[in-house]
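Q: Sharing a structure with you now.
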2 protein chains.
Amino acid sequence: MARDTTKRREALRDTLTDLAEAHVRADGLASLRARTLAREAGCAVGAIYNVFDDMTGLILAVNGRTFGRLGKHVSDAVAKVADAPPTERLVVMAIAYLEFASANPNLWRALFDVEMSTDRDVPEWYMQELGRLFAIIAQPLAELHPDPEPGEIDLMTRALFSSVHGIVLLGLENRISAVPRERMEGMIEFLLKRVTQTDA
Amino acid sequence: MARDTTKRREALRDTLTDLAEAHVRADGLASLRARTLAREAGCAVGAIYNVFDDMTGLILAVNGRTFGRLGKHVSDAVAKVADAPPTERLVVMAIAYLEFASANPNLWRALFDVEMSTDRDVPEWYMQELGRLFAIIAQPLAELHPDPEPGEIDLMTRALFSSVHGIVLLGLENRISAVPRERMEGMIEFLLKRVTQTDA
DNA sequence: TCTCCGTCTGAACGTTGTTCAATCCACTAA
DNA sequence: TTAGTGGATTGAACAACGTTCAGACGGAGA
């Protein structure tokens with residue numbers, strides 16, 4: 001009984017997450033409607049709240065999947081050039097990040113548009129996943145700086161990620177300025193090569 | 001008569017903008033309520049719509065002011081070191097940007113959190129103001145690259161602004177990681193010096 | 001078959017932004 | 001002075017939102 005209930009709930013959880021993901025992908029975060037989801041899932045509105053704390057909880061479930069795919073996309077890309085020089089690997093990762101964001105703009109934006117302010121605790125898997133991503137970035141940097149000061153690698157990791165993130169963010173946002181893709185790649189490559197070059 | 005009406009409307013416009021600005025500054029964009037503003041302004045809810053198209057219109061009015069102050073803050077900062085080397089001027093501007101964002105986090109965030117998607121047209125002054133800011137950045141870059149390829153300066157301008165913006169954004173956001181201010185300044189300075197150094 | 005208890009339901013609640021019929025008011029013409 | 005007029009202002013009403021909870025429901029044990 002208890003088991004049966006649990007299973008049904010998990011099934012509903014998955015169904016709702018699927019549906020929500022489809023909506024976010026197609027029309028963005030703001031298009032999520034509790035009633036629409038319930039209708040599509042064939043359940044009551046209240047059922048959503050048996051399975052998620054909140055609409056925010058549902059969004060976090062979607063973001064969890066997106067985060068996983070993003071991480072995999074970047075990992076896979078860098079795995080293909082595992083024996084390339086560190087800087088090139090960083091460029092490959094950054095371009096992979098751009099690719100993912102560009103291919104899934106709404107899902108990607110949703111990662112950063114959830115309001116974390118009211119939520120007391122950022123989910124632990126969120127930080128874990130972010131940590132994993134940062135670790136991937138940190139590795140080539142560590143190779144470039146074999147004898148770093150304490151915290152230096154971590155700081156450079158954040159700085160580089162933030163920079164690339166900023167470029168992708170503003171590049172994809174302003175469809176009015178519409179920076180072409182190859183230009184964005186050029187910007188990223190230029191930036192990373194400059195920043196990571198070791199002093200003679 | 002017509003004049004009188006116009007004056008009253010302008011006065012209401014200003015009052016509402018003042019109130020909205022105070023709310024955004026204190027509690028963020030999401031805390032704006034049409035009814036609250038009307039009560040505080042001593043007018044009817046409907047009156048807001050005599051003066052603004054939309055709540056979004058009101059937010060844009062607030063953002064207009066913020067944009068102006070941001071521009072002035074950056075301009076003033078760079079004016080004080082007008083005869084410093086280009087790279088140093090870029091650093092000063094970026095730090096000024098960080099200062100402003102850090103001192104007015106909610107107003108600053110509001111600049112980017114307005115949904116431009118449904119709005120057909122981004123207001124022209126928005127693009128103007130952005131253009132002005134970009135022009136300030138472009139000047140030191142032009143000095144560094146006296147013989148640029150077409151569009152190169154513009155692209156570097158965007159890249160640098162986006163990067164600094166990304167660093168400020170993620171640095172201020174994650175109060176969990178809480179990158180200290182001096183560290184952020186260090187990151188920005190490091191980045192800009194590396195990126196802008198001319199090849200030997 | 002009859003309880004009983006946990007599960008699920010969906011009408012109802014409180015808040016949103018936005019609208020528009022009704023009211024008001026300043027001014028003119030008789 | 002008063003009746004008429006037309007634009008400006010009002011605020012109750014509307015539609016849509018996320019969220020809740022009293023009650024309907026249904027399977028397991030006596």
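Numbering starts fresh at 1 for the residues of each chain in the structure tokens, the chains themselves are lettered A, B, ... in the order given, and ligands are numbered from 1 as they appear.
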Got a sec to pull out which chain D residues are within 12 Å of chain A, counting only C-alpha atoms (C1' of nucleotides), and send them as a list of chain:residue names?
A: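 My answer is D:DA16, D:DC17, D:DG18, D:DT19, D:DT20, D:DC21, D:DG27, D:DA28.
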Q: Select residues of chain A: the criterion is any atom within 8 Å of an atom of chain B, counting only C-alpha atoms; output as a ChimeraX atom specification.
A: /A:155-156,158-159,162-167,169-170,183,187-188,191,194-195
Q: Give me, as a ChimeraX atom specification, the contact residues of chain C against chain B at a cut-off of 12 Å, counting only C-alpha atoms (C1' of nucleotides).
A: /C:15-20,25-27
Q: Could you state the separation of CA of Pro123 (chain B) and CA of Ile59 (chain B) in Å, given to one decimal place?
A: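 The value is 12.1 Å.
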Q: Could you give me, as a ChimeraX atom specification, each residue of chain B that DSSP assigns to alpha helix (DSSP H) when run on this structure's backbone?
A: /B:2-27,34-41,45-51,55-79,86-103,105-113,124-144,152-173,181-196
Q: Leaving out region 19-32 of chain A and any residue of its chain fewer than 3 positions from it, which residues lie within 9 Å of it when counting only C-alpha atoms (C1' of nucleotides), given as a ChimeraX atom specification?
A: /A:14-16,36-37,40-41,55,58-59,61-63,65-66,104-110,113-114
Q: Need the shell around DA30 (chain C): protein/DNA/RNA residues with any atom at most 10 Å away, counting only C-alpha atoms (C1' of nucleotides). Skip same-chain ones fewer than 4 positions apart. Format as a list in words?
A: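 Surrounding residues, per the criterion: DT2, DA3 and DG4 of chain D.
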Q: Output N, CA, C and O atoms (P, O5', C5', C4', C3', O3' and C1' of nucleotides) for every residue in that selection, as an mmCIF file, in the first residue's frame.
A:
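Result file again.cif:
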data_model
loop_
_atom_site.group_PDB
_atom_site.id
_atom_site.type_symbol
_atom_site.label_atom_id
_atom_site.label_comp_id
_atom_site.auth_asym_id
_atom_site.auth_seq_id
_atom_site.Cartn_x
_atom_site.Cartn_y
_atom_site.Cartn_z
ATOM 1 P P DT D 2 -29.023 79.330 -9.560
ATOM 2 O "O5'" DT D 2 -29.190 78.555 -10.937
ATOM 3 C "C5'" DT D 2 -30.029 79.100 -11.960
ATOM 4 C "C4'" DT D 2 -29.869 78.273 -13.221
ATOM 5 C "C3'" DT D 2 -29.637 76.776 -12.994
ATOM 6 O "O3'" DT D 2 -30.343 76.048 -13.972
ATOM 7 C "C1'" DT D 2 -27.923 77.618 -14.329
ATOM 8 P P DA D 3 -30.872 74.565 -13.632
ATOM 9 O "O5'" DA D 3 -30.815 73.884 -15.081
ATOM 10 C "C5'" DA D 3 -31.240 74.647 -16.219
ATOM 11 C "C4'" DA D 3 -30.393 74.264 -17.413
ATOM 12 C "C3'" DA D 3 -30.163 72.752 -17.560
ATOM 13 O "O3'" DA D 3 -30.436 72.390 -18.906
ATOM 14 C "C1'" DA D 3 -28.085 73.888 -17.540
ATOM 15 P P DG D 4 -30.211 70.942 -19.452
ATOM 16 O "O5'" DG D 4 -28.822 71.060 -20.216
ATOM 17 C "C5'" DG D 4 -28.648 72.118 -21.179
ATOM 18 C "C4'" DG D 4 -27.256 72.007 -21.787
ATOM 19 C "C3'" DG D 4 -26.859 70.579 -22.174
ATOM 20 O "O3'" DG D 4 -26.155 70.646 -23.416
ATOM 21 C "C1'" DG D 4 -25.275 71.445 -20.660
#
Q: Could you check how far CA of Arg69 (chain B) sits from CA of Arg8 (chain B), in Å to one decimal?
A: 25.7 Å
Q: Between A:Thr6, A:Gly42, A:Ala47, A:Glu143, which one has atoms that come closest to Ala84 (chain A), using only C-alpha atoms?
A: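 Going through A:Thr6, A:Gly42, A:Ala47, A:Glu143 one by one, the smallest distance to Ala84 (chain A) is for A:Glu143.
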